[in-house]
file protein35.txt (compact mmCIF, C-alpha atoms and all ligand atoms)
# COMPACT_ATOMS: atom_id res chain seq x y z
CA MET L 302 188.51 -3.82 19.15
CA ALA L 303 188.02 -5.95 22.22
CA ARG L 304 184.38 -6.65 22.93
CA LEU L 305 182.53 -7.88 25.98
CA ASN L 306 183.94 -11.06 27.47
CA GLY L 307 184.03 -12.97 30.75
CA THR L 308 186.01 -10.21 32.49
CA HIS L 309 182.93 -7.94 32.24
CA ASP L 310 180.54 -10.52 33.76
CA PRO L 311 178.55 -8.64 36.46
CA ALA L 312 178.29 -11.86 38.48
CA LEU L 313 182.08 -12.00 38.96
CA ARG L 314 183.27 -11.48 42.52
CA SER L 315 186.76 -11.30 43.94
CA TRP L 316 188.28 -13.08 46.91
CA VAL L 317 189.60 -9.60 47.82
CA GLU L 318 186.54 -8.65 49.89
CA SER L 319 186.94 -4.84 49.52
CA ALA L 320 186.55 -5.28 45.74
CA ASN L 321 182.96 -6.49 46.26
CA THR L 322 181.84 -3.46 48.32
CA PRO L 323 179.13 -1.54 46.47
CA GLY L 324 180.53 1.85 45.53
CA THR L 325 184.14 0.74 45.23
CA ASP L 326 185.97 2.25 42.24
CA PHE L 327 187.95 -0.94 41.77
CA PRO L 328 185.78 -4.07 41.49
CA ILE L 329 187.19 -7.07 39.61
CA GLN L 330 185.50 -5.78 36.44
CA ASN L 331 187.84 -2.73 36.42
CA LEU L 332 191.48 -3.83 36.99
CA PRO L 333 193.17 -0.48 36.16
CA LEU L 334 196.96 -0.31 35.90
CA GLY L 335 199.32 2.07 37.68
CA VAL L 336 202.86 2.49 38.99
CA PHE L 337 203.63 2.51 42.71
CA HIS L 338 206.09 1.79 45.46
CA ARG L 339 205.54 1.21 49.14
CA ARG L 340 205.83 4.36 51.27
CA GLY L 341 209.39 4.62 52.50
CA GLU L 342 210.82 2.61 49.61
CA ALA L 343 213.22 4.31 47.21
CA ALA L 344 211.71 5.62 43.97
CA GLU L 345 213.89 3.11 42.10
CA ARG L 346 211.58 0.40 43.44
CA ALA L 347 208.68 1.78 41.36
CA ARG L 348 206.79 -1.04 39.65
CA GLY L 349 203.51 -1.76 37.94
CA GLY L 350 200.43 -2.71 39.90
CA VAL L 351 196.73 -3.44 39.47
CA ALA L 352 194.04 -1.90 41.68
CA ILE L 353 191.62 -4.37 43.26
CA GLY L 354 189.35 -3.02 46.01
CA ASP L 355 191.63 -1.23 48.47
CA ARG L 356 194.67 -3.32 47.48
CA ILE L 357 197.31 -3.26 44.75
CA LEU L 358 198.53 -6.47 43.18
CA ASP L 359 202.30 -6.07 42.73
CA LEU L 360 202.87 -7.08 39.09
CA ALA L 361 206.66 -7.37 39.43
CA ALA L 362 206.23 -9.80 42.33
CA ALA L 363 203.50 -11.69 40.46
CA VAL L 364 205.79 -12.15 37.44
CA THR L 365 208.58 -13.40 39.71
CA ALA L 366 206.13 -15.81 41.34
CA GLY L 367 205.48 -17.36 37.93
CA LEU L 368 201.78 -16.53 37.85
CA PHE L 369 201.69 -15.74 34.12
CA ALA L 370 202.37 -17.72 30.95
CA GLY L 371 202.29 -17.05 27.22
CA PRO L 372 200.99 -13.67 25.95
CA ALA L 373 199.81 -12.72 29.44
CA GLU L 374 203.35 -13.20 30.76
CA ALA L 375 204.84 -10.97 28.05
CA ALA L 376 202.24 -8.32 28.88
CA ALA L 377 202.76 -8.62 32.64
CA ARG L 378 206.53 -8.22 32.20
CA ALA L 379 205.92 -5.11 30.09
CA ALA L 380 203.65 -3.69 32.82
CA ALA L 381 205.88 -4.61 35.76
CA GLY L 382 208.50 -1.88 35.36
CA PRO L 383 208.63 1.76 36.50
CA ALA L 384 206.42 2.96 33.59
CA LEU L 385 203.65 1.34 31.55
CA ASN L 386 205.02 2.50 28.16
CA PRO L 387 206.30 -0.98 27.15
CA LEU L 388 202.81 -2.45 27.63
CA MET L 389 201.20 0.51 25.84
CA ALA L 390 203.56 -0.15 22.90
CA MET L 391 202.38 -3.78 22.64
CA GLY L 392 198.82 -2.83 21.79
CA ASN L 393 195.47 -3.55 23.30
CA ALA L 394 195.49 -7.31 22.57
CA ALA L 395 198.38 -7.61 25.04
CA ALA L 396 196.50 -5.58 27.65
CA SER L 397 193.46 -7.82 27.08
CA ALA L 398 195.51 -10.99 27.63
CA LEU L 399 196.86 -9.52 30.88
CA ARG L 400 193.36 -8.49 31.97
CA ALA L 401 191.96 -12.00 31.34
CA ARG L 402 194.68 -13.60 33.48
CA LEU L 403 194.34 -11.01 36.28
CA SER L 404 190.59 -11.57 36.32
CA ALA L 405 191.16 -15.32 36.68
CA LEU L 406 193.75 -14.88 39.48
CA LEU L 407 191.59 -12.50 41.50
CA ARG L 408 188.12 -14.03 41.14
CA ALA L 409 186.43 -15.84 44.00
CA GLY L 410 187.46 -19.48 44.04
CA ALA L 411 190.73 -18.92 42.15
CA PRO L 412 193.07 -21.84 42.94
CA GLU L 413 196.08 -19.43 42.94
CA ARG L 414 194.69 -17.35 45.84
CA ALA L 415 197.28 -18.56 48.37
CA GLN L 416 200.09 -17.55 45.99
CA VAL L 417 198.57 -14.18 45.06
CA GLU L 418 197.40 -12.97 48.47
CA PRO L 419 200.91 -12.24 49.87
CA LEU L 420 201.60 -10.05 46.79
CA LEU L 421 198.85 -7.55 47.64
CA VAL L 422 199.88 -4.14 49.00
CA PRO L 423 197.32 -2.00 50.88
CA MET L 424 196.70 1.22 48.90
CA ALA L 425 197.09 3.09 52.20
CA GLU L 426 200.74 1.95 52.32
CA ALA L 427 201.53 2.81 48.71
CA GLU L 428 202.69 5.91 46.94
CA MET L 429 201.38 6.26 43.40
CA LEU L 430 203.62 7.66 40.66
CA LEU L 431 202.94 8.80 37.10
CA PRO L 432 201.79 5.68 35.23
CA ALA L 433 203.90 6.37 32.14
CA THR L 434 206.79 8.39 30.84
CA ILE L 435 204.82 11.05 28.98
CA GLY L 436 206.72 12.18 25.89
CA ALA L 437 204.07 14.60 24.67
CA PHE L 438 200.83 16.09 25.93
CA THR L 439 198.16 17.57 23.65
CA ASP L 440 195.06 19.24 25.04
CA PHE L 441 191.82 19.47 23.03
CA LEU L 442 188.76 21.73 23.20
CA THR L 443 185.75 19.58 22.34
CA SER L 444 182.72 20.60 24.44
CA THR L 445 180.44 23.06 22.66
CA TYR L 446 179.01 24.04 26.06
CA HIS L 447 182.42 24.98 27.52
CA THR L 448 183.47 26.76 24.36
CA GLU L 449 180.18 28.68 23.97
CA ARG L 450 180.12 29.88 27.59
CA GLY L 451 183.60 31.32 27.11
CA GLY L 452 182.81 32.61 23.63
CA ARG L 453 179.65 34.47 24.70
CA ARG L 454 181.89 36.83 26.67
CA THR L 455 184.60 37.37 24.08
CA ARG L 456 182.81 36.76 20.73
CA PRO L 457 179.10 37.30 21.49
CA GLU L 458 178.12 37.44 17.79
CA SER L 459 179.56 33.91 17.18
CA PRO L 460 180.45 32.19 20.46
CA LEU L 461 181.77 29.06 18.71
CA PRO L 462 184.83 29.67 16.55
CA PRO L 463 184.09 28.89 12.86
CA ASN L 464 186.34 25.80 12.82
CA PHE L 465 184.88 24.18 15.95
CA LYS L 466 182.36 21.84 14.27
CA HIS L 467 184.80 20.94 11.46
CA LEU L 468 187.79 19.78 13.48
CA PRO L 469 188.69 18.93 17.08
CA VAL L 470 190.61 22.05 18.16
CA ALA L 471 193.81 21.47 20.16
CA TYR L 472 197.17 22.90 21.17
CA ASN L 473 200.47 21.27 22.03
CA SER L 474 200.75 21.50 25.80
CA ARG L 475 203.60 20.59 28.14
CA ALA L 476 204.51 17.00 29.06
CA SER L 477 207.27 17.77 31.58
CA SER L 478 204.90 19.37 34.10
CA VAL L 479 202.26 16.61 34.14
CA ARG L 480 202.09 15.51 37.78
CA VAL L 481 200.40 12.70 39.61
CA SER L 482 197.40 13.30 41.87
CA GLY L 483 198.35 14.59 45.32
CA GLU L 484 201.30 16.72 44.34
CA ALA L 485 200.90 20.41 45.27
CA ILE L 486 200.28 22.92 42.49
CA ARG L 487 202.22 26.16 42.86
CA ARG L 488 200.39 29.32 41.87
CA PRO L 489 202.29 30.63 38.87
CA ASN L 490 203.79 34.07 38.42
CA GLY L 491 203.01 35.57 35.07
CA GLN L 492 202.37 38.55 32.90
CA ARG L 493 198.90 39.96 32.37
CA LEU L 494 196.93 42.99 31.30
CA ARG L 495 195.06 44.70 34.11
CA PRO L 496 191.64 46.35 33.49
CA ASP L 497 193.33 49.80 33.79
CA GLY L 498 195.43 48.95 30.73
CA THR L 499 198.73 48.44 32.56
CA VAL L 500 200.80 45.27 32.17
CA HIS L 501 201.92 43.49 35.35
CA PHE L 502 204.06 40.51 36.30
CA GLY L 503 203.24 38.66 39.51
CA PRO L 504 201.21 35.86 41.08
CA CYS L 505 198.25 34.71 38.97
CA GLU L 506 194.96 36.28 40.14
CA ALA L 507 192.61 34.01 38.19
CA LEU L 508 193.69 30.42 38.82
CA ASP L 509 191.27 27.80 37.49
CA PHE L 510 190.80 24.06 37.09
CA GLU L 511 189.49 22.19 34.03
CA LEU L 512 187.76 18.82 34.48
CA GLU L 513 188.86 16.53 31.63
CA LEU L 514 189.52 12.92 30.73
CA GLY L 515 193.04 11.97 29.68
CA LEU L 516 193.83 9.32 27.06
CA PHE L 517 197.11 7.37 27.01
CA ILE L 518 198.24 6.44 23.52
CA GLY L 519 199.11 2.82 22.72
CA PRO L 520 201.40 1.77 19.83
CA GLY L 521 201.08 5.02 17.83
CA ASN L 522 202.21 5.72 14.25
CA PRO L 523 205.48 6.37 12.43
CA VAL L 524 205.99 9.98 11.34
CA GLY L 525 204.40 10.62 7.94
CA GLU L 526 201.91 7.74 8.26
CA PRO L 527 198.37 8.71 9.25
CA VAL L 528 195.96 6.12 10.64
CA HIS L 529 192.39 5.53 9.43
CA LEU L 530 189.63 6.38 11.91
CA ASP L 531 188.56 2.70 11.90
CA PHE L 532 191.92 1.77 13.44
CA ALA L 533 192.33 4.71 15.82
CA PRO L 534 190.93 2.64 18.74
CA ASP L 535 193.91 0.27 18.36
CA HIS L 536 196.04 3.21 19.56
CA MET L 537 193.82 4.16 22.51
CA PHE L 538 195.24 2.34 25.54
CA GLY L 539 193.37 3.73 28.52
CA TYR L 540 192.01 6.69 30.41
CA CYS L 541 192.58 8.81 33.53
CA LEU L 542 191.17 11.97 35.06
CA LEU L 543 193.02 15.12 34.07
CA ASN L 544 193.06 18.59 35.63
CA ASP L 545 194.32 21.13 33.11
CA TRP L 546 195.17 23.88 35.62
CA SER L 547 194.73 27.22 33.88
CA ALA L 548 195.86 30.75 34.74
CA ARG L 549 193.07 32.72 33.07
CA ASP L 550 194.58 36.19 33.44
CA ILE L 551 197.88 35.02 31.95
CA GLN L 552 195.98 33.07 29.26
CA ARG L 553 193.89 36.05 28.14
CA TRP L 554 196.98 38.21 27.61
CA GLU L 555 199.42 35.70 26.08
CA SER L 556 197.21 33.63 23.80
CA HIS L 557 197.05 35.89 20.73
CA PRO L 558 198.01 35.06 18.10
CA LEU L 559 199.63 31.71 18.99
CA GLY L 560 197.45 30.16 21.73
CA PRO L 561 198.02 29.23 25.36
CA PHE L 562 201.58 28.83 26.67
CA LEU L 563 202.57 29.60 30.28
CA SER L 564 198.93 29.77 31.40
CA LYS L 565 198.67 26.00 30.86
CA SER L 566 202.20 24.64 31.25
CA LEU L 567 202.39 25.50 34.97
CA SER L 568 201.25 21.95 35.84
CA THR L 569 198.69 19.34 34.83
CA SER L 570 197.43 16.77 37.36
CA ILE L 571 196.30 13.26 36.46
CA SER L 572 194.81 10.41 38.47
CA PRO L 573 197.30 7.55 38.90
CA TRP L 574 195.18 4.62 37.64
CA VAL L 575 194.82 3.96 33.93
CA VAL L 576 191.38 2.48 33.25
CA THR L 577 191.90 0.38 30.13
CA ALA L 578 189.84 0.61 26.96
CA ASP L 579 188.71 -2.98 27.65
CA ALA L 580 187.33 -2.10 31.09
CA LEU L 581 185.23 0.69 29.53
CA GLU L 582 183.70 -1.46 26.74
CA PRO L 583 180.32 -1.84 28.52
CA PHE L 584 179.96 1.94 28.86
CA ARG L 585 180.27 2.99 25.21
CA ALA L 586 177.83 5.63 24.00
CA PRO L 587 176.87 7.16 20.65
CA ALA L 588 178.76 10.17 19.32
CA PHE L 589 177.27 13.59 20.07
CA PRO L 590 174.06 14.10 18.08
CA ARG L 591 174.85 16.76 15.49
CA ALA L 592 172.14 19.26 14.66
CA GLU L 593 170.71 19.20 11.12
CA SER L 594 172.35 22.57 10.53
CA ASP L 595 175.80 21.34 11.68
CA PRO L 596 178.39 20.47 9.04
CA LYS L 597 178.83 16.72 8.51
CA PRO L 598 182.28 15.57 9.63
CA LEU L 599 184.66 15.33 6.67
CA PRO L 600 185.12 11.70 5.56
CA TYR L 601 188.44 11.24 7.42
CA LEU L 602 186.64 12.06 10.70
CA HIS L 603 183.49 10.05 10.01
CA GLY L 604 183.00 6.37 10.78
CA GLU L 605 179.87 4.33 11.38
CA ALA L 606 181.18 2.48 14.43
CA ASP L 607 182.57 5.70 15.87
CA GLN L 608 179.21 7.45 15.43
CA ARG L 609 177.44 4.48 17.01
CA GLU L 610 179.66 4.07 20.08
CA GLY L 611 182.58 6.52 20.02
CA LEU L 612 181.84 8.25 23.34
CA MET L 613 181.69 6.77 26.84
CA ASP L 614 179.00 7.21 29.47
CA ILE L 615 181.17 8.42 32.37
CA ARG L 616 179.84 10.62 35.17
CA MET L 617 182.51 13.14 36.14
CA GLU L 618 182.54 15.33 39.27
CA ALA L 619 184.67 18.12 40.67
CA PHE L 620 184.84 19.01 44.38
CA LEU L 621 186.42 21.93 46.20
CA LEU L 622 187.97 21.58 49.66
CA THR L 623 188.92 24.96 51.17
CA PRO L 624 191.29 25.44 54.13
CA ARG L 625 188.28 26.38 56.30
CA MET L 626 186.43 23.17 55.36
CA ARG L 627 189.57 21.18 56.17
CA GLU L 628 189.92 22.91 59.58
CA ARG L 629 186.28 22.30 60.48
CA GLY L 630 186.17 18.74 59.19
CA GLU L 631 183.57 19.63 56.54
CA PRO L 632 183.31 17.42 53.45
CA PRO L 633 184.50 18.73 50.08
CA ALA L 634 181.78 20.66 48.23
CA ARG L 635 180.74 19.34 44.84
CA VAL L 636 180.90 22.15 42.30
CA THR L 637 180.53 20.20 39.04
CA ALA L 638 178.59 17.12 37.91
CA THR L 639 178.88 16.35 34.21
CA ASN L 640 179.17 13.43 31.77
CA PHE L 641 181.68 12.60 29.05
CA THR L 642 178.79 12.19 26.58
CA ASN L 643 178.70 16.01 26.43
CA MET L 644 181.76 16.04 24.15
CA TYR L 645 181.18 17.04 20.52
CA TRP L 646 184.17 14.98 19.25
CA THR L 647 185.16 11.41 20.14
CA PHE L 648 188.66 10.43 21.22
CA ALA L 649 189.00 8.35 18.01
CA GLN L 650 188.33 11.52 16.00
CA MET L 651 190.89 13.42 18.10
CA VAL L 652 193.52 10.71 17.57
CA THR L 653 192.81 10.48 13.82
CA HIS L 654 192.94 14.25 13.43
CA HIS L 655 196.19 14.42 15.45
CA MET L 656 197.83 11.89 13.11
CA SER L 657 196.21 13.22 9.92
CA ASN L 658 199.14 15.48 8.97
CA GLY L 659 201.64 12.69 9.59
CA CYS L 660 202.46 13.75 13.16
CA ASN L 661 203.58 10.66 15.09
CA LEU L 662 201.98 9.70 18.37
CA ARG L 663 204.06 7.48 20.63
CA PRO L 664 203.28 5.01 23.44
CA GLY L 665 202.56 6.96 26.61
CA ASP L 666 201.67 10.23 24.88
CA LEU L 667 198.80 11.93 26.69
CA LEU L 668 195.74 13.58 25.12
CA GLY L 669 193.37 15.77 27.15
CA SER L 670 189.71 15.69 26.07
CA GLY L 671 189.02 19.36 26.80
CA THR L 672 186.85 20.66 29.63
CA ALA L 673 183.86 18.30 29.82
CA SER L 674 181.13 20.88 30.43
CA GLY L 675 177.49 20.12 29.69
CA PRO L 676 174.39 22.25 29.06
CA THR L 677 173.20 22.63 32.68
CA ASP L 678 174.53 24.99 35.35
CA GLU L 679 175.71 22.08 37.51
CA SER L 680 177.73 20.67 34.60
CA ARG L 681 179.96 23.73 34.23
CA ALA L 682 183.40 22.12 34.51
CA CYS L 683 185.74 25.02 35.37
CA MET L 684 185.67 28.11 37.62
CA SER L 685 185.55 30.47 34.66
CA GLU L 686 182.15 29.04 33.69
CA LEU L 687 180.94 28.70 37.29
CA THR L 688 181.67 32.37 38.06
CA GLU L 689 181.17 34.04 34.66
CA ALA L 690 184.90 34.68 34.42
CA GLY L 691 185.17 35.76 38.06
CA THR L 692 182.33 38.30 37.94
CA GLN L 693 179.66 36.20 39.79
CA PRO L 694 181.21 34.59 42.89
CA LEU L 695 180.39 30.95 43.55
CA THR L 696 178.83 30.41 47.01
CA LEU L 697 179.87 27.18 48.72
CA PRO L 698 177.59 25.26 51.15
CA ASN L 699 179.37 26.75 54.20
CA GLY L 700 178.86 30.32 52.97
CA GLU L 701 182.37 30.85 51.65
CA THR L 702 182.63 32.40 48.19
CA ARG L 703 185.13 31.97 45.37
CA ARG L 704 185.76 33.87 42.17
CA TRP L 705 188.90 31.82 41.43
CA LEU L 706 190.99 29.25 43.32
CA GLU L 707 192.74 30.53 46.44
CA ASP L 708 195.91 29.30 48.13
CA GLY L 709 195.20 26.18 50.17
CA ASP L 710 192.15 25.23 48.08
CA GLU L 711 192.18 21.61 46.96
CA VAL L 712 190.40 20.45 43.79
CA ILE L 713 189.29 16.82 43.73
CA PHE L 714 187.98 14.99 40.65
CA ARG L 715 186.11 11.69 40.69
CA ALA L 716 184.45 9.73 37.90
CA ARG L 717 182.38 6.59 37.46
CA ALA L 718 181.07 4.62 34.53
CA GLU L 719 177.66 3.08 35.18
CA ARG L 720 175.20 1.13 33.06
CA ASP L 721 172.26 -1.15 33.89
CA GLY L 722 173.35 -4.76 33.83
CA PHE L 723 177.03 -4.01 34.56
CA VAL L 724 179.11 -3.43 37.66
CA PRO L 725 180.04 0.29 37.88
CA ILE L 726 183.74 1.12 37.70
CA GLY L 727 185.55 4.23 38.93
CA PHE L 728 188.72 6.17 38.19
CA GLY L 729 189.97 6.85 41.72
CA GLU L 730 190.77 10.46 42.55
CA CYS L 731 192.70 13.28 40.93
CA ARG L 732 193.65 15.81 43.64
CA GLY L 733 195.74 18.93 43.75
CA ARG L 734 196.14 21.62 46.41
CA ILE L 735 197.15 25.18 45.54
CA ALA L 736 200.41 26.32 47.14
CA PRO L 737 201.34 30.03 47.24
CA ALA L 738 203.34 31.51 44.37
CA PRO L 739 207.10 31.34 44.92
CA ALA L 740 208.85 34.54 45.93
CA TRP L 741 210.68 35.82 42.86
CA PRO L 742 214.28 34.47 42.90
CA ARG L 743 217.02 36.94 43.77
CA GLY L 744 219.39 38.17 41.11
CA ARG L 745 223.16 38.52 41.19
CA ASN L 746 223.08 42.12 42.37
CA ASP L 747 220.16 41.95 44.82
CA ALA L 748 221.03 42.93 48.37
MN MN A 801 192.04 22.13 28.80
call {"tool": "encode", "arguments": {"input": "protein35.txt", "output": "structure tokens", "more": "lines below"}}
Ligand code: MN
result
Amino acid sequence: MARLNGTHDPALRSWVESANTPGTDFPIQNLPLGVFHRRGEAAERARGGVAIGDRILDLAAAVTAGLFAGPAEAAARAAAGPALNPLMAMGNAAASALRARLSALLRAGAPERAQVEPLLVPMAEAEMLLPATIGAFTDFLTSTYHTERGGRRTRPESPLPPNFKHLPVAYNSRASSVRVSGEAIRRPNGQRLRPDGTVHFGPCEALDFELELGLFIGPGNPVGEPVHLDFAPDHMFGYCLLNDWSARDIQRWESHPLGPFLSKSLSTSISPWVVTADALEPFRAPAFPRAESDPKPLPYLHGEADQREGLMDIRMEAFLLTPRMRERGEPPARVTATNFTNMYWTFAQMVTHHMSNGCNLRPGDLLGSGTASGPTDESRACMSELTEAGTQPLTLPNGETRRWLEDGDEVIFRARAERDGFVPIGFGECRGRIAPAPAWPRGRNDA
């Protein structure tokens, strides 16, 4: 596991002035990786980049310019293409070597500044793409607070399912519909049970967001070969924000006995920048404190280091921007403020559990943390919690109300890791605007 080193030094400043602005998501201590092309360029020109202030360092151009040598060059080449999977496959030592060199190239006083400066692209002129080819996407359910709020309605006698404190619950979700921030989300059509007992098919009437962190898998494991919890972090490459869009009416009807299907596969949005495990080292936090009465994790899910520092102290926020706010120039309304330390299971436990039956994880696979709700009202991290499943409308600052998401509503996630003695780092944004459901396609015999 990489530990603190010179790249985390809070005194470091960049010659890219916007990276030194207080409040920036992308100071030189962050250096997240993504895939981009300039607006107007063909998608085939997609290449790896590093966020620094309001600029992107073009990694393909930096490799061509001969700015890397040794292990850092191998890593930069692996990150320079149209997807970060080759770098993810190399493991976190490669990402660390790349980070060390990038930090040296971008710090104030770097002798290479004149060579590097022409390779910067303003973020405003770039289009961000998915950072990796995502072969598989698994979504977890690991906040007791989120699970209990839902459970109190459906299983009031035992709001937490009996397995919840024994294993990190998950389902296999859909990789093909993971989309990058900014792409519109079409309201799904689907089947559901109405309160009068009739079954309908049509546009979802209970569309929701879920505020989560996403984890990109590094090297992964061969099928049939589990990985010990101690080594799970070697397979945890980096993190993004993840919106697990959820059609609650479809979900309620379809999920028994096999779990969510079309209610979740409609689309998942992620932020485009992958904040590496290295960048988050200063923000580690202890695992969730288990109550005396809670079961101890089974040995395969228990590790001293993981208990000591398996979570991350990351503030996470969700905002809602309605069409009326947009028209009137009002700012997005914050509806959720939570922290990743609310999660009952760590990502290392999720990864270990995922591999424990011999299932193989591969570079670029995506894991969702589960909705990151906390104990307080303001930390409710989806509409279903905020509105008691649509029964108590949420009132926004301008007087508008919402039971669920409406067409034209935009959901915006932001997150920051902060700790005394370190420079805060951010994740950038994860945005998605709801587009109306498509008209049902015509059949062969329709007039
Ligand atoms: Mn979810």
call {"tool": "residues_near_ligand", "arguments": {"input": "protein35.txt", "ligand": "ligand MN 801 (chain A)", "cutoff": "8 Å", "atoms": "all atoms listed in the file", "output": "PyMOL selection string"}}
result
chain L and resi 440-442+511-513+544-547+565+669-672
call {"tool": "closest_residue", "arguments": {"input": "protein35.txt", "among": "L:Leu332, L:Ala649, L:Leu388, L:Met537", "to": "Arg408 (chain L)", "atoms": "only C-alpha atoms"}}
result
L:Leu332
call {"tool": "closest_atom_pairs", "arguments": {"input": "protein35.txt", "of": "region 595-699 of chain L", "to": "region 453-468 of chain L", "cutoff": "10 Å", "atoms": "only C-alpha atoms", "output": "CSV"}}
result
residue,atom,partner,partner_atom,distance
L:Asp595,CA,L:Lys466,CA,7.1
L:Pro596,CA,L:Lys466,CA,6.7
L:Lys597,CA,L:His467,CA,7.9
L:Pro598,CA,L:His467,CA,6.2
L:Leu599,CA,L:His467,CA,7.4
L:Leu602,CA,L:Leu468,CA,8.3
L:Tyr645,CA,L:Lys466,CA,8.0
L:Trp646,CA,L:Leu468,CA,8.3
L:Gln650,CA,L:Leu468,CA,8.7
L:Met651,CA,L:Leu468,CA,8.5
L:His654,CA,L:Leu468,CA,7.6
L:Glu689,CA,L:Arg454,CA,8.5
L:Ala690,CA,L:Arg454,CA,8.6
call {"tool": "atom_distance", "arguments": {"input": "protein35.txt", "atom1": "CA of Pro573 (chain L)", "atom2": "CA of Phe714 (chain L)"}}
result
12.1 Å
call {"tool": "closest_residue", "arguments": {"input": "protein35.txt", "among": "L:Gly307, L:Gly354, L:Gly410, L:Pro372", "to": "Val422 (chain L)", "atoms": "all atoms listed in the file"}}
result
L:Gly354
call {"tool": "atom_distance", "arguments": {"input": "protein35.txt", "atom1": "CA of Gly709 (chain L)", "atom2": "CA of Asp678 (chain L)"}}
result
25.5 Å
call {"tool": "atom_distance", "arguments": {"input": "protein35.txt", "atom1": "CA of Leu668 (chain L)", "atom2": "CA of Glu719 (chain L)"}}
result
23.2 Å
call {"tool": "closest_residue", "arguments": {"input": "protein35.txt", "among": "L:Glu618, L:Asp607, L:Asp497, L:Glu374", "to": "Arg715 (chain L)", "atoms": "all atoms listed in the file"}}
result
L:Glu618
call {"tool": "residues_around", "arguments": {"input": "protein35.txt", "residues": "Pro383 (chain L)", "least_positions_apart": "2", "cutoff": "12 Å", "atoms": "all atoms listed in the file", "output": "mmCIF file with C-alpha atoms, in the coordinates of the input"}}
result
data_model
loop_
_atom_site.group_PDB
_atom_site.id
_atom_site.type_symbol
_atom_site.label_atom_id
_atom_site.label_comp_id
_atom_site.auth_asym_id
_atom_site.auth_seq_id
_atom_site.Cartn_x
_atom_site.Cartn_y
_atom_site.Cartn_z
ATOM 1 C CA LEU L 334 196.960 -0.310 35.900
ATOM 2 C CA GLY L 335 199.320 2.070 37.680
ATOM 3 C CA VAL L 336 202.860 2.490 38.990
ATOM 4 C CA PHE L 337 203.630 2.510 42.710
ATOM 5 C CA HIS L 338 206.090 1.790 45.460
ATOM 6 C CA ALA L 343 213.220 4.310 47.210
ATOM 7 C CA ALA L 344 211.710 5.620 43.970
ATOM 8 C CA GLU L 345 213.890 3.110 42.100
ATOM 9 C CA ARG L 346 211.580 0.400 43.440
ATOM 10 C CA ALA L 347 208.680 1.780 41.360
ATOM 11 C CA ARG L 348 206.790 -1.040 39.650
ATOM 12 C CA GLY L 349 203.510 -1.760 37.940
ATOM 13 C CA GLY L 350 200.430 -2.710 39.900
ATOM 14 C CA ASP L 359 202.300 -6.070 42.730
ATOM 15 C CA LEU L 360 202.870 -7.080 39.090
ATOM 16 C CA ALA L 361 206.660 -7.370 39.430
ATOM 17 C CA ARG L 378 206.530 -8.220 32.200
ATOM 18 C CA ALA L 379 205.920 -5.110 30.090
ATOM 19 C CA ALA L 380 203.650 -3.690 32.820
ATOM 20 C CA ALA L 381 205.880 -4.610 35.760
ATOM 21 C CA LEU L 385 203.650 1.340 31.550
ATOM 22 C CA ASN L 386 205.020 2.500 28.160
ATOM 23 C CA PRO L 387 206.300 -0.980 27.150
ATOM 24 C CA LEU L 388 202.810 -2.450 27.630
ATOM 25 C CA MET L 429 201.380 6.260 43.400
ATOM 26 C CA LEU L 430 203.620 7.660 40.660
ATOM 27 C CA LEU L 431 202.940 8.800 37.100
ATOM 28 C CA PRO L 432 201.790 5.680 35.230
ATOM 29 C CA ALA L 433 203.900 6.370 32.140
ATOM 30 C CA THR L 434 206.790 8.390 30.840
#
call {"tool": "closest_residue", "arguments": {"input": "protein35.txt", "among": "L:Ala718, L:Leu697, L:Ala376, L:Leu687", "to": "Gly451 (chain L)", "atoms": "all atoms listed in the file"}}
result
L:Leu687
call {"tool": "closest_atom_pairs", "arguments": {"input": "protein35.txt", "of": "region 367-441 of chain L", "to": "region 578-593 of chain L", "cutoff": "10 Å", "atoms": "all atoms listed in the file", "output": "tab-separated table"}}
result
residue	atom	partner	partner_atom	distance
L:Asn393	CA	L:Ala578	CA	7.9
L:Ala394	CA	L:Asp579	CA	9.5
L:Ala396	CA	L:Asp579	CA	8.2
L:Ser397	CA	L:Asp579	CA	6.8
L:Arg400	CA	L:Asp579	CA	8.4
call {"tool": "residues_around", "arguments": {"input": "protein35.txt", "residues": "Thr639 (chain L)", "least_positions_apart": "3", "cutoff": "6 Å", "atoms": "all atoms listed in the file", "output": "CSV table (one decimal) with C-alpha atoms, keeping the file's coordinate frame"}}
result
chain,number,residue,atom,x,y,z
L,616,ARG,CA,179.8,10.6,35.2
L,617,MET,CA,182.5,13.1,36.1
L,680,SER,CA,177.7,20.7,34.6
call {"tool": "axis_aligned_box", "arguments": {"input": "protein35.txt", "around": "region 354-364 of chain L", "padding_each_side": "4 Å", "output": "JSON"}}
result
{"center_x": 198.0, "center_y": -6.7, "center_z": 43.0, "size_x": 25.3, "size_y": 18.9, "size_z": 19.0}
call {"tool": "residues_around", "arguments": {"input": "protein35.txt", "residues": "Leu516 (chain L)", "least_positions_apart": "2", "cutoff": "9 Å", "atoms": "only C-alpha atoms", "output": "list in words"}}
result
Leu514, Ile518, Met537, Phe538, Gly539, Tyr540, Cys541, Leu542, Val575, Phe648, Asp666, Leu667, Leu668, Gly669 and Ser670 of chain L
call {"tool": "closest_residue", "arguments": {"input": "protein35.txt", "among": "L:Gly503, L:Pro725, L:Pro523, L:Pro739", "to": "Ile329 (chain L)", "atoms": "all atoms listed in the file"}}
result
L:Pro725
call {"tool": "closest_residue", "arguments": {"input": "protein35.txt", "among": "L:Arg493, L:His501, L:His536, L:Arg635", "to": "Ile551 (chain L)", "atoms": "only C-alpha atoms"}}
result
L:Arg493
